[in-house]
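Structure data (compact mmCIF, C-alpha atoms and all ligand atoms) from input30.txt:
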```
# COMPACT_ATOMS: atom_id res chain seq x y z
CA MET A 1 -91.11 -89.74 65.04
CA HIS A 2 -91.79 -91.53 61.77
CA LEU A 3 -93.47 -88.47 60.26
CA LYS A 4 -91.03 -85.81 61.38
CA ASN A 5 -89.25 -85.53 58.05
CA SER A 6 -92.23 -86.36 55.85
CA LYS A 7 -93.49 -83.47 53.77
CA ILE A 8 -96.17 -85.30 51.79
CA ILE A 9 -98.20 -87.93 53.66
CA VAL A 10 -100.92 -90.15 52.19
CA ILE A 11 -103.31 -91.68 54.73
CA LYS A 12 -105.65 -94.50 53.78
CA ILE A 13 -108.65 -95.26 55.94
CA GLY A 14 -110.77 -98.37 55.52
CA SER A 15 -114.57 -98.59 55.69
CA SER A 16 -114.46 -100.37 59.07
CA LEU A 17 -113.00 -97.24 60.67
CA LEU A 18 -115.91 -95.10 59.47
CA VAL A 19 -118.78 -97.52 60.07
CA ASP A 20 -118.85 -99.98 63.01
CA GLU A 21 -120.23 -103.53 62.97
CA ASN A 22 -123.68 -102.21 63.95
CA LYS A 23 -123.58 -99.92 60.89
CA LYS A 24 -123.22 -96.84 63.08
CA ILE A 25 -121.02 -94.05 61.79
CA ARG A 26 -117.99 -93.51 64.03
CA LYS A 27 -118.36 -89.74 64.19
CA LYS A 28 -116.21 -89.29 67.28
CA TRP A 29 -113.42 -91.23 65.69
CA LEU A 30 -113.55 -89.10 62.53
CA SER A 31 -113.39 -85.95 64.65
CA SER A 32 -110.34 -87.30 66.47
CA PHE A 33 -108.74 -88.05 63.09
CA ALA A 34 -109.53 -84.52 61.87
CA LYS A 35 -107.86 -83.16 65.00
CA ASP A 36 -104.70 -85.12 64.17
CA LEU A 37 -104.73 -83.73 60.64
CA LYS A 38 -105.16 -80.20 61.95
CA LYS A 39 -101.90 -80.70 63.82
CA LEU A 40 -100.10 -82.03 60.73
CA ASN A 41 -101.57 -79.18 58.70
CA SER A 42 -100.21 -76.62 61.15
CA LYS A 43 -96.75 -78.14 60.63
CA LYS A 44 -97.13 -77.42 56.89
CA LYS A 45 -97.35 -81.11 55.97
CA LYS A 46 -99.21 -81.88 52.77
CA ILE A 47 -101.86 -84.51 53.32
CA ILE A 48 -103.91 -86.73 51.03
CA ILE A 49 -106.64 -88.95 52.42
CA VAL A 50 -107.63 -92.10 50.56
CA SER A 51 -110.96 -93.17 52.01
CA SER A 52 -113.11 -96.21 51.42
CA GLY A 53 -116.70 -96.20 52.55
CA ALA A 54 -118.74 -95.33 49.46
CA ILE A 55 -120.25 -98.78 49.29
CA ALA A 56 -120.63 -99.18 53.07
CA LEU A 57 -122.35 -95.80 53.42
CA GLY A 58 -124.44 -96.37 50.29
CA CYS A 59 -125.74 -99.65 51.76
CA LYS A 60 -126.56 -97.85 54.99
CA LYS A 61 -128.40 -95.04 53.23
CA MET A 62 -130.39 -97.44 51.04
CA ASN A 63 -131.05 -99.94 53.84
CA TYR A 64 -129.32 -102.58 51.82
CA ASN A 65 -128.12 -105.56 53.83
CA LYS A 66 -126.91 -107.91 51.18
CA THR A 67 -123.29 -108.99 51.19
CA ASN A 68 -121.52 -110.23 48.03
CA LEU A 69 -122.93 -107.45 45.86
CA ARG A 70 -122.93 -107.86 42.10
CA LEU A 71 -120.65 -105.40 40.30
CA ASP A 72 -123.55 -103.46 38.75
CA GLU A 73 -125.24 -103.24 42.15
CA SER A 74 -122.11 -101.98 43.85
CA GLN A 75 -121.57 -99.38 41.09
CA ALA A 76 -125.03 -97.90 41.73
CA ILE A 77 -124.67 -98.09 45.52
CA ALA A 78 -121.26 -96.39 45.39
CA SER A 79 -122.74 -93.48 43.47
CA VAL A 80 -125.20 -92.92 46.32
CA GLY A 81 -122.68 -93.61 49.07
CA GLN A 82 -119.90 -91.38 47.72
CA ILE A 83 -122.06 -88.31 48.44
CA GLU A 84 -122.71 -89.58 51.96
CA LEU A 85 -118.99 -90.15 52.42
CA MET A 86 -118.04 -86.65 51.32
CA ASN A 87 -120.83 -85.08 53.38
CA LEU A 88 -119.49 -86.86 56.41
CA PHE A 89 -115.96 -85.57 55.77
CA SER A 90 -117.16 -82.10 54.92
CA GLN A 91 -119.30 -81.74 58.07
CA THR A 92 -116.61 -83.09 60.37
CA PHE A 93 -113.61 -81.34 58.84
CA SER A 94 -115.30 -77.93 58.60
CA LYS A 95 -115.56 -77.94 62.40
CA PHE A 96 -111.75 -77.97 62.46
CA LYS A 97 -111.53 -75.38 59.65
CA LEU A 98 -109.95 -77.93 57.34
CA ASN A 99 -110.81 -77.62 53.63
CA ILE A 100 -111.40 -80.80 51.69
CA SER A 101 -111.85 -81.72 48.03
CA GLN A 102 -112.96 -84.90 46.27
CA VAL A 103 -110.77 -86.77 43.77
CA LEU A 104 -112.15 -89.92 42.14
CA LEU A 105 -109.59 -91.98 40.25
CA THR A 106 -109.71 -94.89 37.84
CA LEU A 107 -106.83 -97.26 37.23
CA GLU A 108 -105.51 -95.52 34.10
CA ASP A 109 -105.19 -92.24 36.00
CA THR A 110 -102.16 -93.59 37.81
CA GLU A 111 -100.91 -96.23 35.36
CA GLU A 112 -100.66 -93.98 32.28
CA ARG A 113 -97.84 -91.49 32.50
CA ARG A 114 -99.63 -88.55 30.85
CA ARG A 115 -102.70 -88.98 33.00
CA SER A 116 -100.64 -89.48 36.13
CA ILE A 117 -98.79 -86.20 35.46
CA ASN A 118 -102.20 -84.51 35.15
CA ALA A 119 -103.38 -86.02 38.42
CA LYS A 120 -100.11 -85.03 40.12
CA ARG A 121 -100.62 -81.44 39.00
CA THR A 122 -104.16 -81.41 40.43
CA PHE A 123 -102.87 -82.64 43.78
CA GLU A 124 -100.12 -80.00 43.77
CA ASN A 125 -102.63 -77.24 43.06
CA LEU A 126 -104.86 -78.46 45.88
CA PHE A 127 -101.85 -78.40 48.25
CA ARG A 128 -101.06 -74.87 47.16
CA LEU A 129 -104.64 -73.80 47.92
CA ASN A 130 -104.46 -75.59 51.30
CA TYR A 131 -107.15 -78.16 50.47
CA ILE A 132 -106.92 -81.77 51.61
CA PRO A 133 -107.83 -84.12 48.73
CA VAL A 134 -110.06 -87.04 49.74
CA VAL A 135 -109.50 -89.77 47.16
CA ASN A 136 -111.51 -92.86 46.35
CA GLU A 137 -111.72 -95.15 43.38
CA ASN A 138 -114.39 -94.09 40.91
CA ASP A 139 -116.41 -97.19 41.81
CA THR A 140 -119.44 -96.11 39.79
CA ILE A 141 -117.49 -96.32 36.54
CA ALA A 142 -114.83 -98.92 37.26
CA THR A 143 -115.55 -102.43 36.00
CA SER A 144 -113.64 -105.47 37.21
CA GLU A 145 -110.98 -105.42 34.46
CA ILE A 146 -110.13 -101.77 35.06
CA LYS A 147 -110.36 -101.68 38.82
CA TYR A 148 -107.76 -101.34 41.56
CA GLY A 149 -110.37 -103.19 43.60
CA ASP A 150 -108.88 -102.27 46.93
CA ASN A 151 -107.86 -98.94 48.33
CA ASP A 152 -104.52 -100.23 49.70
CA ARG A 153 -103.06 -100.40 46.21
CA LEU A 154 -104.88 -97.28 45.08
CA ALA A 155 -103.28 -95.42 48.01
CA SER A 156 -99.80 -96.69 47.12
CA ARG A 157 -100.24 -95.51 43.51
CA VAL A 158 -101.39 -92.12 44.76
CA ALA A 159 -98.29 -92.00 46.99
CA GLN A 160 -96.13 -92.89 44.01
CA ILE A 161 -97.47 -90.30 41.57
CA THR A 162 -97.46 -87.51 44.14
CA ASN A 163 -93.91 -88.29 45.28
CA ALA A 164 -95.12 -88.79 48.83
CA ASP A 165 -92.67 -89.46 51.66
CA THR A 166 -94.90 -91.73 53.72
CA LEU A 167 -98.07 -93.77 53.18
CA ILE A 168 -100.05 -94.72 56.28
CA LEU A 169 -102.52 -97.59 55.94
CA LEU A 170 -104.93 -97.30 58.85
CA SER A 171 -106.45 -100.71 59.34
CA ASP A 172 -108.16 -102.72 62.05
CA VAL A 173 -104.94 -104.56 63.02
CA ASP A 174 -101.79 -103.19 64.66
CA GLY A 175 -99.60 -104.10 61.70
CA LEU A 176 -97.81 -107.10 60.23
CA PHE A 177 -97.38 -110.02 62.65
CA THR A 178 -95.05 -113.03 62.51
CA LYS A 179 -98.18 -115.25 62.48
CA ASN A 180 -101.90 -114.67 62.41
CA PRO A 181 -102.50 -113.03 65.84
CA LYS A 182 -106.13 -114.13 65.84
CA ILE A 183 -105.04 -117.78 65.86
CA PHE A 184 -101.57 -117.86 67.44
CA GLU A 185 -100.96 -116.41 70.89
CA ASP A 186 -97.22 -116.14 70.35
CA ALA A 187 -97.64 -113.99 67.21
CA LYS A 188 -95.38 -110.96 67.41
CA LEU A 189 -95.82 -107.55 65.80
CA ILE A 190 -93.01 -106.76 63.37
CA LYS A 191 -92.01 -103.18 64.09
CA ARG A 192 -89.72 -102.55 61.16
CA VAL A 193 -89.22 -104.04 57.72
CA ASN A 194 -86.03 -102.90 55.97
CA ASN A 195 -85.92 -105.45 53.20
CA LEU A 196 -89.34 -106.49 52.03
CA ASN A 197 -88.37 -109.74 50.31
CA LYS A 198 -85.94 -110.93 52.96
CA ASP A 199 -87.73 -109.83 56.12
CA ILE A 200 -91.12 -111.31 55.28
CA GLN A 201 -90.12 -114.47 53.42
CA ASN A 202 -91.06 -116.78 56.31
CA ILE A 203 -94.41 -115.18 56.98
CA ASN A 204 -97.59 -116.75 55.70
CA ILE A 205 -99.16 -113.57 54.31
CA LYS A 206 -101.98 -115.44 52.61
CA GLY A 207 -102.93 -116.97 55.96
CA MET A 208 -103.69 -113.49 57.19
CA THR A 209 -106.09 -112.41 54.49
CA LYS A 210 -108.93 -111.93 56.92
CA LEU A 211 -107.04 -109.22 58.77
CA GLY A 212 -107.85 -105.71 57.59
CA SER A 213 -110.42 -104.87 54.94
CA GLY A 214 -108.29 -105.62 51.88
CA GLY A 215 -106.42 -108.33 53.80
CA MET A 216 -102.68 -108.39 54.48
CA ASN A 217 -102.00 -109.41 50.89
CA THR A 218 -102.98 -106.09 49.34
CA LYS A 219 -101.06 -104.24 52.06
CA ILE A 220 -97.88 -106.09 51.16
CA GLU A 221 -98.54 -105.35 47.48
CA ALA A 222 -98.86 -101.69 48.45
CA ALA A 223 -95.58 -101.91 50.39
CA LYS A 224 -93.82 -103.25 47.27
CA ILE A 225 -95.08 -100.34 45.16
CA CYS A 226 -94.02 -97.85 47.84
CA SER A 227 -90.62 -99.43 48.30
CA LEU A 228 -89.79 -98.95 44.61
CA ALA A 229 -91.23 -95.43 44.65
CA GLY A 230 -88.96 -94.23 47.44
CA CYS A 231 -91.90 -93.89 49.85
CA ASP A 232 -91.92 -95.33 53.40
CA MET A 233 -95.07 -97.10 54.53
CA ILE A 234 -96.77 -97.71 57.86
CA ILE A 235 -99.53 -100.20 58.72
CA ALA A 236 -101.21 -99.12 61.93
CA ASN A 237 -104.37 -99.78 63.87
CA GLY A 238 -106.79 -96.98 63.05
CA LEU A 239 -109.50 -98.08 65.42
CA TYR A 240 -108.01 -96.00 68.25
CA HIS A 241 -109.01 -92.38 68.57
CA ASN A 242 -106.36 -89.91 67.34
CA PRO A 243 -104.79 -92.66 65.23
CA ILE A 244 -101.95 -90.54 63.82
CA ASN A 245 -100.97 -89.25 67.21
CA GLN A 246 -100.96 -92.87 68.44
CA ILE A 247 -98.44 -93.82 65.76
CA GLU A 248 -96.16 -90.98 66.81
CA LYS A 249 -96.57 -91.65 70.53
CA ASN A 250 -96.67 -95.43 70.85
CA ASN A 251 -95.00 -96.70 67.68
CA ASN A 252 -97.19 -99.79 67.93
CA CYS A 253 -97.21 -100.37 64.19
CA THR A 254 -95.18 -101.80 61.29
CA PHE A 255 -92.84 -99.41 59.51
CA PHE A 256 -91.62 -100.37 56.03
CA LYS A 257 -88.44 -98.52 55.04
CA SER A 258 -88.29 -97.89 51.29
CA LYS A 259 -85.40 -99.40 49.37
CA ILE A 260 -84.40 -96.38 47.36
CA SER A 261 -84.56 -92.61 47.63
CA LYS A 262 -87.42 -90.61 46.09
CA LEU A 263 -85.06 -88.93 43.65
CA HIS A 264 -83.65 -92.26 42.52
CA ALA A 265 -87.19 -93.62 42.04
CA ARG A 266 -88.16 -90.63 39.94
CA LYS A 267 -85.10 -91.04 37.75
CA LYS A 268 -85.86 -94.72 37.24
CA TRP A 269 -89.39 -93.78 36.24
CA ILE A 270 -88.05 -91.26 33.71
CA ILE A 271 -85.71 -93.72 32.07
CA SER A 272 -88.32 -96.45 31.84
CA SER A 273 -90.38 -94.54 29.27
CA ILE A 274 -90.94 -96.57 26.14
CA SER A 275 -91.30 -93.80 23.61
CA PRO A 276 -89.48 -90.48 23.99
CA LYS A 277 -91.32 -87.80 22.05
CA GLY A 278 -88.42 -85.73 20.79
CA GLU A 279 -84.71 -84.93 20.86
CA LEU A 280 -82.58 -81.97 21.88
CA ILE A 281 -79.08 -81.48 20.47
CA ILE A 282 -76.93 -79.51 22.87
CA ASP A 283 -73.47 -77.93 22.72
CA GLU A 284 -70.25 -79.04 24.39
CA GLY A 285 -70.50 -76.55 27.29
CA ALA A 286 -74.03 -77.64 28.16
CA LYS A 287 -72.99 -81.30 28.03
CA ARG A 288 -70.17 -80.60 30.50
CA ALA A 289 -72.63 -78.77 32.77
CA LEU A 290 -75.11 -81.66 32.63
CA LEU A 291 -72.43 -84.23 33.39
CA SER A 292 -71.46 -82.24 36.47
CA GLY A 293 -75.06 -82.42 37.73
CA LYS A 294 -76.50 -79.12 36.45
CA SER A 295 -79.82 -78.48 34.70
CA LEU A 296 -80.17 -77.91 30.96
CA LEU A 297 -80.65 -74.24 30.04
CA ALA A 298 -81.93 -72.81 26.78
CA ALA A 299 -78.55 -71.26 25.97
CA GLY A 300 -76.93 -74.65 25.37
CA ILE A 301 -79.57 -76.03 22.98
CA LYS A 302 -78.64 -76.16 19.31
CA LYS A 303 -81.54 -78.02 17.70
CA VAL A 304 -84.93 -79.55 18.49
CA TYR A 305 -86.32 -82.64 16.78
CA GLY A 306 -89.94 -83.78 17.06
CA LYS A 307 -93.14 -82.12 18.17
CA PHE A 308 -93.88 -82.50 21.85
CA SER A 309 -95.72 -80.80 24.64
CA LYS A 310 -94.58 -79.59 28.03
CA GLY A 311 -93.73 -82.47 30.38
CA ALA A 312 -92.82 -84.80 27.50
CA HIS A 313 -90.09 -87.35 27.78
CA ILE A 314 -87.18 -86.46 25.52
CA LYS A 315 -83.69 -87.64 24.56
CA ILE A 316 -80.70 -85.36 25.04
CA LEU A 317 -77.96 -85.73 22.41
CA ASP A 318 -74.51 -84.16 22.16
CA PHE A 319 -73.31 -82.31 19.07
CA LYS A 320 -72.12 -85.63 17.57
CA LYS A 321 -75.74 -86.80 17.93
CA LYS A 322 -74.84 -89.31 20.59
CA GLU A 323 -77.61 -89.79 23.17
CA PHE A 324 -76.28 -89.41 26.70
CA ALA A 325 -79.27 -88.39 28.83
CA ARG A 326 -83.05 -88.45 29.04
CA GLY A 327 -85.39 -86.13 30.79
CA LEU A 328 -88.76 -84.44 31.08
CA SER A 329 -88.97 -81.18 29.18
CA SER A 330 -90.35 -78.15 31.02
CA PHE A 331 -91.21 -76.54 27.66
CA SER A 332 -93.00 -77.63 24.49
CA SER A 333 -90.97 -78.11 21.29
CA GLU A 334 -92.59 -74.97 19.91
CA GLU A 335 -91.37 -72.94 22.88
CA ILE A 336 -87.87 -74.43 22.75
CA ASN A 337 -87.62 -73.48 19.07
CA LYS A 338 -88.18 -69.87 20.12
CA ILE A 339 -85.85 -69.76 23.13
CA MET A 340 -82.93 -72.02 22.19
CA GLY A 341 -79.56 -70.30 22.25
CA CYS A 342 -80.96 -67.52 24.43
CA HIS A 343 -79.99 -66.53 27.94
CA SER A 344 -82.46 -67.60 30.64
CA ASN A 345 -83.39 -64.03 31.55
CA GLU A 346 -84.60 -63.39 27.99
CA ILE A 347 -87.17 -66.23 28.08
CA GLN A 348 -89.99 -64.24 29.62
CA LYS A 349 -89.65 -61.49 27.01
CA ILE A 350 -89.55 -63.92 24.10
CA LEU A 351 -92.50 -66.06 25.21
CA GLY A 352 -94.52 -63.25 26.77
CA TYR A 353 -95.15 -65.09 30.02
CA ILE A 354 -93.31 -66.14 33.17
CA SER A 355 -91.96 -69.69 33.11
CA LYS A 356 -89.23 -71.88 34.52
CA SER A 357 -85.67 -71.03 33.54
CA GLU A 358 -84.43 -74.63 33.09
CA VAL A 359 -85.52 -76.48 29.96
CA VAL A 360 -84.83 -79.82 31.67
CA HIS A 361 -84.41 -79.65 35.43
CA LYS A 362 -81.61 -81.77 36.90
CA ASP A 363 -84.13 -83.72 39.04
CA ASP A 364 -86.02 -84.61 35.87
CA MET A 365 -82.95 -85.86 34.07
CA VAL A 366 -80.98 -89.06 34.07
CA GLU A 367 -77.70 -89.88 32.33
CA ILE A 368 -77.63 -93.10 30.35
N1 LIG B 1 -113.69 -98.06 47.00
C1 LIG B 1 -114.48 -98.87 47.88
C2 LIG B 1 -115.49 -98.01 48.66
O1 LIG B 1 -115.31 -96.85 48.81
C3 LIG B 1 -113.65 -99.63 48.90
C4 LIG B 1 -112.48 -100.44 48.47
C5 LIG B 1 -111.70 -100.96 49.69
O2 LIG B 1 -112.28 -101.10 50.77
O3 LIG B 1 -110.50 -101.22 49.60
O4 LIG B 1 -116.45 -98.48 49.17
```

Re-express the file's structure as structure tokens.
Ligand code: GLU
Amino acid sequence: MHLKNSKIIVIKIGSSLLVDENKKIRKKWLSSFAKDLKKLNSKKKKIIIVSSGAIALGCKKMNYNKTNLRLDESQAIASVGQIELMNLFSQTFSKFKLNISQVLLTLEDTEERRRSINAKRTFENLFRLNYIPVVNENDTIATSEIKYGDNDRLASRVAQITNADTLILLSDVDGLFTKNPKIFEDAKLIKRVNNLNKDIQNINIKGMTKLGSGGMNTKIEAAKICSLAGCDMIIANGLYHNPINQIEKNNNCTFFKSKISKLHARKKWIISSISPKGELIIDEGAKRALLSGKSLLAAGIKKVYGKFSKGAHIKILDFKKKEFARGLSSFSSEEINKIMGCHSNEIQKILGYISKSEVVHKDDMVEI
């Protein structure tokens, strides 16, 4: 039910779902999860998995029992365990004829706009090739100052940069409760959160830090990121077999409705850029078209200022040089210099290759 209209779904799984308390790998569970994904895949849904487990599987492989690992120890262990993790996915998923790929991210890959656009493009290409990206933090390289530290927030950033519709955090609790269910018998599962600040203000989130691998705290942080990114979020118990099917069937989880639409979130992100890289001066007709919600075409561009590459954030000015919109350019300044004033169907001939026809697409533009 929750996933019916979701086209892009990010699913985060914690280490405790892959390895049980006796350090045994939960192979049957992973197969049941793969079966769920096969079903989503057949419905043409685009899936990204964010999986923890590099450190847990590294410790298992190296017979390492110590808890409270030092950072340098955990970096080395993760480099051993990440291979184990991917082998596990690869062996299990190939039985279901599901293709997987590995994506290791560091904090700047999602926080810096240019790098996040690069990462987004990689995800899109993997979707196009029908591969399921399996993401983890690049634990071997990340040091404490440049670390997400927990995969809940990493997953929400991945959901944000890929414009995902829903993020599912599979944990070892059913969801968000009114009180800590391990202490209070009358604790109730909250099924739906529409307004993050209002609906959870009386809940002692910090008192629930022991629930779930990253605790409830990081899950609420993830929900805040998702809410501003136009992405819905679900916390559900992943310990059951066929965990995605369980969410659909039983709805025994917490569903966080995002505050704003995806399009609105994207536009906010565009306008929040600190340093636009160039300017386009456009004619009266193009301005009228833009104000009525159309895209900017090459024909309406009079002049280009600045040197910028494709995807750059630019200002759009009218013929009186008054800025009235901002957007992401689908062409570099060099290309725009060649095609401005021309009809869209001439672009391919002028540039010598196939490209988009809009210089700034309406979804990538916001009036100011
Ligand atoms: N990236 C870590 C790992 O793969 C886990 C972080 C987390 O559990 O949130 O072991």

Original post:
What's the 8 Å shell around Phe331 of chain A, counting all atoms listed in the file, without same-chain residues fewer than 2 positions away, as a PyMOL selection string?
Top reply: chain A and resi 309-311+329+333+335-336+359

Original post:
Neighbours of Arg113 of chain A within 12 Å (all atoms listed in the file; same-chain residues fewer than 4 positions away dropped), as a list in words?
Top reply: Leu107, Glu108, Asp109, Ile117, Asn118, Ala119, Lys120, Arg157, Gln160, Ile161, Trp269, Ile270, Ser272, Ser273, Ile274, Ser275, Pro276, Gly311, Ala312, His313 and Leu328 of chain A

Original post:
What separation in Å, quoted to one decimal, exists between atom CA of Val80 of chain A and atom CA of Asp152 of chain A?
Top reply: 22.2 Å

Subject >> Near-ligand residues for ligand LIG 1 (chain B), threshold 7 Å, all atoms listed in the file, as a ChimeraX atom specification >> reply: /A:14-15,51-56,78,136-137,139,149-152,213-214

Subject >> Atomic distance atom CA of Val158 of chain A - atom CA of Ala34 of chain A, expressed in Å with one decimal >> reply: 20.4 Å

As lines of an AutoDock Vina configuration file, what would the box around segment 216-229 of chain A look like: edges along x, y and z, 4 Å added on every side, centre and edge lengths in Å to one decimal?
```
center_x = -96.4
center_y = -102.4
center_z = 49.5
size_x = 21.2
size_y = 22.0
size_z = 17.9
```

**OP:** Considering only C-alpha atoms, return as a PyMOL selection string whatever protein or nucleic-acid residues lie within 9 Å of segment 244-256 of chain A, sequence-local ones (same chain, fewer than 5 positions apart) excluded.
**Re:** chain A and resi 1-3+33+36-37+168+170+173-177+189-196+223+226-227+231-238

Subject >> Nearest candidate to Leu30 of chain A (options A:Leu126, A:Ala76, A:Leu239, A:Val134; using only C-alpha atoms) >> reply: A:Leu239

**OP:** To one decimal in Å, tell me the separation between atom CA of Ala286 of chain A and atom CA of Ile354 of chain A.
**Re:**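 Taking atom CA of Ala286 of chain A as the start and atom CA of Ile354 of chain A as the end point, the length is 23.0 Å.
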
Original post:
Taking only C-alpha atoms into account, which of A:Lys294, A:Lys302, A:Arg121, A:Lys147 comes nearest Glu279 of chain A?
Top reply: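 So, comparing all the options, the nearest one is A:Lys302.
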
Answer as a tab-separated table (two decimals) with C-alpha atoms, keeping the file's coordinate frame, residues within 6 Å of (-81.0, -88.2, 25.1) using all atoms listed in the file:
```tsv
chain	number	residue	atom	x	y	z
A	315	LYS	CA	-83.69	-87.64	24.56
A	316	ILE	CA	-80.70	-85.36	25.04
A	317	LEU	CA	-77.96	-85.73	22.41
A	323	GLU	CA	-77.61	-89.79	23.17
A	324	PHE	CA	-76.28	-89.41	26.70
A	325	ALA	CA	-79.27	-88.39	28.83
A	326	ARG	CA	-83.05	-88.45	29.04
```

Original post:
Smallest atom-to-atom distance to Leu291 of chain A: which of A:Met365, A:Ile25, A:Leu88, A:Val50, using only C-alpha atoms?
Top reply: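 Ranked by minimum distance to Leu291 of chain A, first place goes to A:Met365.
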
Original post:
Can you tell me, as number ranges by chain, what residues are no more than 12 Å from Asn345 of chain A when counting all atoms listed in the file, ignoring any on the same chain fewer than 6 positions away?
Top reply: A: 297-299, 339, 351, 353-358

Subject >> Residue among A:Ile48, A:Ala265, A:Leu228, A:Ile13 lying closest to Glu124 of chain A, counting all atoms listed in the file >> reply: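 Nearest to Glu124 of chain A: A:Ile48.
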
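With distances restricted to only C-alpha atoms, A:Lys224 is the closest residue to Asn197 of chain A from A:Lys321, A:Lys224, A:Lys219, A:His361.
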
Subject >> Answer as a PyMOL selection string, residues within 7 Å of (-107.2, -81.8, 48.6) using all atoms listed in the file >> reply: chain A and resi 48+100-102+123+126-127+131-134

**OP:** Choose the residue, out of A:Asp318, A:Phe93, A:Lys259, A:Lys268, that has the smallest atom-to-atom separation from Gly285 of chain A; count all atoms listed in the file.
**Re:**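 Between A:Asp318, A:Phe93, A:Lys259, A:Lys268, the residue approaching Gly285 of chain A most closely is A:Asp318.
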